[in-house]
Amino acid sequence: MARQIWRRRLRSFMRKAPWLVEMSLRLWRLQQPKVTLGAVGILFDAEGRVLLVEHTLHPQTPWGLPGGWVNRGEEPAAAVRRELQEELSINVIVGQVILIGVPFPNHLDTAFLCHTDDSVGTLSFELLDYGWFHLDELPRLLSFHYAALQQALTLTQDAHHDLDQ
């Protein structure tokens, strides 16, 4: 009972001083961890090979799924579309989310299944090369990229199985 009275008084006070609520939220946000967001696309060709790119800026694990950082206010799917256009000069249709993970502290990655009829065009300065890889011939990948590929395979195999029935 006393707790309810206290809550009502607090609510009444906050209604009279909405600026205090806003200030409290801003202070709370300053103490929260800052997180970056990345988005990658998974593209398979007709032979079941996956598109990987060799990044200039990733010396430890240069090969990975194409993608990049999500800009402030940008939707992750739009970031994948933009990044593949910028890096590989291809237009993609971004499909379903395959995996969301935290590959390293304060960073969240999202992997999308993508489709295209385009061929890879001019590479951006961020990339050294690209290749279509059979899944048994993959180079060393970040664990998030490998897990996303495994999940995409499972989902695409399940979809093909459902179509066959």
# chains A, B, ... in the order shown; residues from 1 in each chain; ligands from 1

$ residues_around --residues "Phe44 of chain A" --least-positions-apart "3" --cutoff "9 Å" --atoms "only C-alpha atoms" --output "list in words"
Glu47, Gly48, Arg49, Val50, Leu51, Leu113, Cys114, His115 and Trp132 of chain A

$ write_last_selection --atoms "C-alpha atoms" --output "short mmCIF file (atom, residue, chain, number, x, y, z; two decimals), in the first residue's frame"
data_model
loop_
_atom_site.label_atom_id
_atom_site.label_comp_id
_atom_site.auth_asym_id
_atom_site.auth_seq_id
_atom_site.Cartn_x
_atom_site.Cartn_y
_atom_site.Cartn_z
CA GLU A 47 26.28 -23.81 -58.07
CA GLY A 48 25.76 -23.31 -54.33
CA ARG A 49 28.99 -21.35 -53.87
CA VAL A 50 29.08 -18.39 -51.51
CA LEU A 51 30.46 -14.95 -52.33
CA LEU A 113 20.32 -13.74 -47.05
CA CYS A 114 20.55 -11.79 -50.31
CA HIS A 115 19.81 -12.44 -53.99
CA TRP A 132 32.85 -17.71 -55.11
#

$ select_by_dssp --residues "segment 50-123 of chain A" --states "strand (DSSP E)" --output "PyMOL selection string"
chain A and resi 50-55+63-64+67-69+93-104+107-115

$ write_last_selection --atoms "C-alpha atoms" --output "mmCIF file, in the first residue's frame"
data_model
loop_
_atom_site.group_PDB
_atom_site.id
_atom_site.type_symbol
_atom_site.label_atom_id
_atom_site.label_comp_id
_atom_site.auth_asym_id
_atom_site.auth_seq_id
_atom_site.Cartn_x
_atom_site.Cartn_y
_atom_site.Cartn_z
ATOM 1 C CA VAL A 50 29.083 -18.387 -51.505
ATOM 2 C CA LEU A 51 30.459 -14.949 -52.333
ATOM 3 C CA LEU A 52 33.353 -13.889 -50.104
ATOM 4 C CA VAL A 53 35.487 -10.775 -50.295
ATOM 5 C CA GLU A 54 39.085 -10.131 -49.277
ATOM 6 C CA HIS A 55 39.175 -6.987 -47.138
ATOM 7 C CA TRP A 63 38.239 -13.128 -46.219
ATOM 8 C CA GLY A 64 34.632 -12.702 -45.154
ATOM 9 C CA GLY A 67 29.065 -5.837 -45.869
ATOM 10 C CA GLY A 68 30.065 -3.121 -43.472
ATOM 11 C CA TRP A 69 29.038 -0.586 -40.871
ATOM 12 C CA ILE A 93 17.584 -7.903 -52.958
ATOM 13 C CA VAL A 94 17.957 -8.223 -49.208
ATOM 14 C CA GLY A 95 16.000 -11.135 -47.775
ATOM 15 C CA GLN A 96 15.511 -12.509 -44.324
ATOM 16 C CA VAL A 97 17.751 -12.052 -41.314
ATOM 17 C CA ILE A 98 19.876 -15.154 -40.918
ATOM 18 C CA LEU A 99 21.765 -14.406 -37.731
ATOM 19 C CA ILE A 100 22.362 -11.630 -35.217
ATOM 20 C CA GLY A 101 25.394 -11.857 -32.979
ATOM 21 C CA VAL A 102 28.056 -10.095 -30.958
ATOM 22 C CA PRO A 103 31.332 -11.042 -32.660
ATOM 23 C CA PHE A 104 33.366 -8.791 -30.367
ATOM 24 C CA HIS A 107 29.569 -4.595 -31.692
ATOM 25 C CA LEU A 108 26.425 -6.201 -33.041
ATOM 26 C CA ASP A 109 26.404 -7.885 -36.457
ATOM 27 C CA THR A 110 23.414 -8.852 -38.583
ATOM 28 C CA ALA A 111 23.619 -11.312 -41.480
ATOM 29 C CA PHE A 112 21.014 -11.278 -44.268
ATOM 30 C CA LEU A 113 20.320 -13.743 -47.045
ATOM 31 C CA CYS A 114 20.547 -11.795 -50.311
ATOM 32 C CA HIS A 115 19.810 -12.442 -53.985
#

$ closest_residue --among "A:Thr36, A:Gln85, A:Ser124, A:Asn106" --to "Val70 of chain A" --atoms "only C-alpha atoms"
A:Thr36

$ closest_residue --among "A:Pro62, A:Ser24, A:Ile42, A:Gln31" --to "Ala148 of chain A" --atoms "only C-alpha atoms"
A:Ile42

$ select_by_dssp --residues "segment 14-130 of chain A" --states "helix (DSSP H, G or I)" --output "count of residues only"
30

$ closest_residue --among "A:Glu74, A:Leu135, A:Tyr130, A:Thr154" --to "Ala39 of chain A" --atoms "only C-alpha atoms"
A:Glu74

$ atom_distance --atom1 "atom CA of Phe144 of chain A" --atom2 "atom CA of Leu128 of chain A"
21.2 Å

$ closest_residue --among "A:Tyr146, A:Arg82, A:Pro139, A:Ser89" --to "Gly121 of chain A" --atoms "only C-alpha atoms"
A:Ser89

$ closest_residue --among "A:Thr156, A:Pro105, A:Gln60, A:Pro76" --to "Lys34 of chain A" --atoms "only C-alpha atoms"
A:Pro105

$ atom_distance --atom1 "atom CA of Thr122 of chain A" --atom2 "atom CA of Glu87 of chain A"
7.7 Å

$ residues_around --residues "Asp118 of chain A" --least-positions-apart "3" --cutoff "8 Å" --atoms "only C-alpha atoms" --output "PyMOL selection string"
chain A and resi 90-92

$ write_last_selection --atoms "N, CA and C atoms" --output "CSV table (one decimal), in the first residue's frame"
chain,number,residue,atom,x,y,z
A,90,ILE,N,27.3,-4.2,-57.2
A,90,ILE,CA,26.1,-5.1,-57.5
A,90,ILE,C,24.9,-4.6,-56.7
A,91,ASN,N,23.7,-4.8,-57.3
A,91,ASN,CA,22.5,-4.5,-56.7
A,91,ASN,C,21.9,-5.8,-56.2
A,92,VAL,N,21.5,-5.8,-54.9
A,92,VAL,CA,21.0,-7.0,-54.3
A,92,VAL,C,19.6,-6.8,-53.8
